[in-house]
>>> print(open('protein21.csv').read())   # CSV, C-alpha atoms
chain,number,residue,atom,x,y,z
X,266,MET,CA,21.4,27.3,53.5
X,267,VAL,CA,24.0,25.5,51.4
X,268,PHE,CA,23.5,22.8,48.7
X,269,THR,CA,24.5,19.4,49.9
X,270,GLY,CA,24.0,15.7,49.0
X,271,THR,CA,24.5,13.4,46.0
X,272,TYR,CA,21.5,12.4,43.9
X,273,PRO,CA,21.6,9.9,40.9
X,274,HIS,CA,19.3,11.1,38.1
X,275,THR,CA,18.8,11.0,34.4
X,276,ILE,CA,18.5,13.6,31.7
X,277,ASP,CA,15.5,12.7,29.6
X,278,ALA,CA,15.1,12.7,25.8
X,279,LYS,CA,14.0,16.3,25.9
X,280,GLN,CA,17.2,17.2,27.8
X,281,ARG,CA,15.3,17.9,31.1
X,282,LEU,CA,16.8,17.2,34.4
X,283,ALA,CA,14.6,16.9,37.5
X,284,ILE,CA,16.1,18.9,40.3
X,285,PRO,CA,15.8,16.9,43.6
X,286,ALA,CA,13.2,18.3,46.0
X,287,GLU,CA,15.8,19.0,48.7
X,288,LEU,CA,17.9,21.0,46.4
X,289,ARG,CA,14.8,22.9,45.0
X,290,ALA,CA,13.9,23.9,48.6
X,291,THR,CA,17.4,25.2,49.2
X,292,LEU,CA,17.3,27.0,45.8
X,293,ARG,CA,13.9,28.7,46.7
X,294,GLU,CA,15.4,29.9,50.0
X,295,ARG,CA,18.5,31.2,48.3
X,296,CYS,CA,16.4,33.0,45.7
X,297,GLN,CA,13.9,34.1,48.2
X,298,VAL,CA,10.9,33.0,46.1
X,299,ARG,CA,7.7,31.4,47.2
X,300,ASP,CA,6.4,28.0,45.9
X,301,ASP,CA,3.9,29.8,43.6
X,302,GLU,CA,6.6,32.0,42.0
X,303,PRO,CA,8.8,31.0,39.0
X,304,LEU,CA,12.2,29.6,39.9
X,305,TYR,CA,15.4,30.2,37.8
X,306,VAL,CA,19.0,29.0,37.8
X,307,TYR,CA,22.0,30.0,35.9
X,308,ALA,CA,23.7,27.0,34.2
X,309,THR,CA,27.4,27.4,33.5
X,310,PRO,CA,30.4,25.1,32.8
X,311,ALA,CA,32.3,24.5,36.0
X,312,GLU,CA,35.7,23.2,36.8
X,313,GLY,CA,36.6,19.9,35.3
X,314,ASP,CA,33.8,18.0,33.5
X,315,CYS,CA,30.6,19.2,35.1
X,316,LEU,CA,27.9,21.9,34.9
X,317,ALA,CA,27.1,24.2,37.7
X,318,LEU,CA,23.6,25.4,38.5
X,319,TYR,CA,23.6,28.6,40.6
X,320,ALA,CA,20.8,30.4,42.3
X,321,VAL,CA,20.3,33.7,40.5
X,322,PRO,CA,21.5,35.9,43.4
X,323,ASP,CA,24.6,33.8,43.8
X,324,PHE,CA,25.5,33.9,40.1
X,325,GLU,CA,24.9,37.7,40.0
X,326,ALA,CA,27.2,38.1,43.1
X,327,GLN,CA,29.9,36.2,41.3
X,328,ALA,CA,29.4,38.4,38.2
X,329,ARG,CA,29.9,41.5,40.4
X,330,ALA,CA,33.0,40.1,42.1
X,331,LEU,CA,34.4,39.2,38.7
X,332,GLN,CA,33.7,42.7,37.4
X,333,GLU,CA,35.5,44.2,40.5
X,334,SER,CA,38.4,41.8,40.0
X,335,GLU,CA,38.8,42.9,36.3
X,336,ALA,CA,39.0,46.5,37.4
X,337,ASP,CA,41.6,45.7,40.1
X,338,PHE,CA,43.9,43.4,38.1
X,339,ASP,CA,43.5,44.3,34.4
X,340,SER,CA,44.4,40.7,33.5
X,341,PRO,CA,44.1,39.3,30.0
X,342,GLU,CA,43.5,35.8,31.6
X,343,LEU,CA,40.7,37.1,33.8
X,344,PHE,CA,39.1,38.9,30.9
X,345,GLU,CA,39.2,35.7,28.8
X,346,TYR,CA,37.8,33.7,31.7
X,347,ALA,CA,34.9,36.1,32.0
X,348,ARG,CA,34.3,36.1,28.3
X,349,ARG,CA,34.1,32.3,28.3
X,350,MET,CA,32.0,32.0,31.4
X,351,PHE,CA,29.3,34.5,30.3
X,352,ALA,CA,29.3,33.2,26.7
X,353,ASN,CA,28.6,29.7,28.0
X,354,SER,CA,26.1,30.6,30.8
X,355,ARG,CA,22.4,30.4,30.5
X,356,ARG,CA,19.5,31.6,32.7
X,357,LEU,CA,17.0,28.7,32.8
X,358,GLU,CA,13.5,28.3,34.3
X,359,ILE,CA,12.6,25.4,36.4
X,360,ASP,CA,9.2,24.1,35.4
X,361,ARG,CA,6.3,23.2,37.7
X,362,GLN,CA,7.5,19.6,37.9
X,363,GLY,CA,10.9,20.7,39.1
X,364,ARG,CA,12.7,20.1,35.8
X,365,VAL,CA,15.1,22.3,34.0
X,366,ARG,CA,15.9,21.9,30.3
X,367,LEU,CA,19.7,21.9,29.8
X,368,PRO,CA,21.0,23.5,26.6
X,369,ASP,CA,22.6,21.3,24.0
X,370,GLN,CA,25.7,23.5,23.9
X,371,LEU,CA,26.4,23.0,27.6
X,372,LEU,CA,25.7,19.3,27.6
X,373,GLN,CA,28.0,18.8,24.6
X,374,LEU,CA,30.7,21.0,26.1
X,375,ARG,CA,30.9,18.8,29.2
X,376,LYS,CA,30.0,15.5,27.6
X,377,ILE,CA,27.0,15.1,29.9
X,378,GLY,CA,23.8,13.2,29.0
X,379,GLY,CA,21.7,10.2,30.1
X,380,GLU,CA,22.8,9.0,33.5
X,381,VAL,CA,24.0,11.8,35.8
X,382,VAL,CA,24.7,12.7,39.4
X,383,VAL,CA,23.4,16.0,40.9
X,384,VAL,CA,25.7,17.1,43.7
X,385,GLY,CA,25.2,19.8,46.2
X,386,ASN,CA,28.4,21.8,46.5
X,387,ASN,CA,28.0,24.7,49.0
X,388,ASP,CA,26.8,27.6,46.9
X,389,ARG,CA,25.8,25.6,43.8
X,390,MET,CA,24.5,22.4,42.4
X,391,GLU,CA,26.7,20.4,40.0
X,392,VAL,CA,25.7,18.0,37.3
X,393,HIS,CA,28.2,15.3,36.6
X,394,ASN,CA,28.3,12.4,34.2
X,395,ARG,CA,27.5,9.5,36.5
X,396,GLU,CA,30.3,7.2,35.2
X,397,ALA,CA,32.9,9.9,35.6
X,398,TRP,CA,31.6,10.8,39.1
X,399,ASP,CA,31.8,7.2,40.2
X,400,ARG,CA,35.4,7.0,39.0
X,401,LYS,CA,36.2,10.2,41.0
X,402,MET,CA,34.6,8.8,44.1
X,403,ALA,CA,36.4,5.4,43.8
X,404,ARG,CA,39.6,6.9,45.3
X,405,SER,CA,41.4,5.1,48.0
X,406,PRO,CA,41.0,6.1,51.7
X,407,GLU,CA,44.6,7.3,51.6
X,408,ASP,CA,43.8,9.8,48.8
X,409,ASP,CA,40.9,11.1,50.8
X,410,GLU,CA,43.0,11.5,53.9
X,411,ASP,CA,45.7,13.4,51.9
X,412,LEU,CA,43.0,15.7,50.4
X,413,MET,CA,41.6,16.5,53.9
X,414,MET,CA,45.0,17.3,55.3
X,415,LYS,CA,45.7,19.7,52.4
X,416,PHE,CA,42.4,21.4,53.0
X,417,ARG,CA,43.1,21.7,56.7
X,418,ARG,CA,46.5,23.2,56.1
X,419,ALA,CA,45.1,25.7,53.6
X,420,MET,CA,42.4,26.8,56.0
X,421,ARG,CA,44.9,27.1,58.8
X,422,LYS,CA,47.2,29.2,56.6
X,423,ARG,CA,44.2,31.4,55.6
X,424,ARG,CA,43.4,32.1,59.3
X,425,ASP,CA,47.0,33.1,60.1
>>> encode(input="protein21.csv", output="C-alpha cells")
Amino acid sequence: MVFTGTYPHTIDAKQRLAIPAELRATLRERCQVRDDEPLYVYATPAEGDCLALYAVPDFEAQARALQESEADFDSPELFEYARRMFANSRRLEIDRQGRVRLPDQLLQLRKIGGEVVVVGNNDRMEVHNREAWDRKMARSPEDDEDLMMKFRRAMRKRRD
C-alpha cells in the first residue's frame, strides 16, 4: 500500500499531530504490526518546506541505499546530505490515540506549527504548513498540465 490523500490538521500546544486513521492503517501495514503493537515513524526534513514521516522499514531501506551509494560514489555532497539527514531525523512513537509528538528542532527547521496539512506521498507522509500548501496548490491548470507532461516524458525516457 502507498500513502495517499490530503488531510487538514493542527499541531496542538504539546506539539502533537494526530495521524489520520487511513494513513495509520497504511503505516501499520507497511510496518507489519498489529493494532495492539507499538507503532513508530521516522520524522525527517524533506524537500522544500515540509517534514516527512516514514514507516520504519522504508526509512531503514533508504538508509541502506544511501550507505551503498556512498560506497559507490565517494561523493562529499552525498556524505554531507547523509550527515544532515541522519542528524535531523528522529524515531518517534505514535501514541494510543494516533498522535505523534513532533520535535521542536524539526518544527522550527521547517517553520511548521499550528495549522498543517498531512499529505500521503507514495512511500511517506508529509507534514506541510497549511498556508504554504494552499499557495502551492493554487497553481493554474496550465502549470499542472506542464508538470504532468514533464513527468510523462521523464517516465518514457526511463523506460527507453
>>> closest_residue(input="protein21.csv", among="X:Gly270, X:Pro368, X:Gly363, X:Gly378", to="Pro303 of chain X", atoms="all atoms listed in the file")
X:Gly363
>>> atom_distance(input="protein21.csv", atom1="atom CA of Ile284 of chain X", atom2="atom CA of Val365 of chain X")
7.2 Å
>>> closest_residue(input="protein21.csv", among="X:Ile276, X:Leu288, X:Met266, X:Leu372", to="Ala311 of chain X", atoms="all atoms listed in the file")
X:Leu372
>>> atom_distance(input="protein21.csv", atom1="atom CA of Met420 of chain X", atom2="atom CA of Glu333 of chain X")
24.3 Å
>>> atom_distance(input="protein21.csv", atom1="atom CA of Pro273 of chain X", atom2="atom CA of Val382 of chain X")
4.4 Å
>>> closest_residue(input="protein21.csv", among="X:Leu412, X:Leu316, X:Ala397, X:Met390", to="Tyr272 of chain X", atoms="all atoms listed in the file")
X:Met390
>>> residues_around(input="protein21.csv", residues="segment 277-280 of chain X", least_positions_apart="5", cutoff="7 Å", atoms="only C-alpha atoms", output="NGL selection string")
:X and (366-367 or 379)
>>> write_last_selection(input="protein21.csv", atoms="C-alpha atoms", output="PDB file, in the coordinates of the input")
ATOM      1  CA  ARG X 366      15.900  21.900  30.300  1.00  0.00           C
ATOM      2  CA  LEU X 367      19.700  21.900  29.800  1.00  0.00           C
ATOM      3  CA  GLY X 379      21.700  10.200  30.100  1.00  0.00           C
TER       4      GLY X 379
END
>>> closest_residue(input="protein21.csv", among="X:Ala320, X:Leu331, X:Cys315, X:Leu357", to="Trp398 of chain X", atoms="only C-alpha atoms")
X:Cys315
>>> residues_around(input="protein21.csv", residues="Val321 of chain X", least_positions_apart="2", cutoff="8 Å", atoms="all atoms listed in the file", output="MDAnalysis selection string")
chainID X and resid 296 305:307 319 323:325
>>> closest_residue(input="protein21.csv", among="X:Arg423, X:Arg349, X:His393, X:Arg355", to="Thr271 of chain X", atoms="all atoms listed in the file")
X:His393
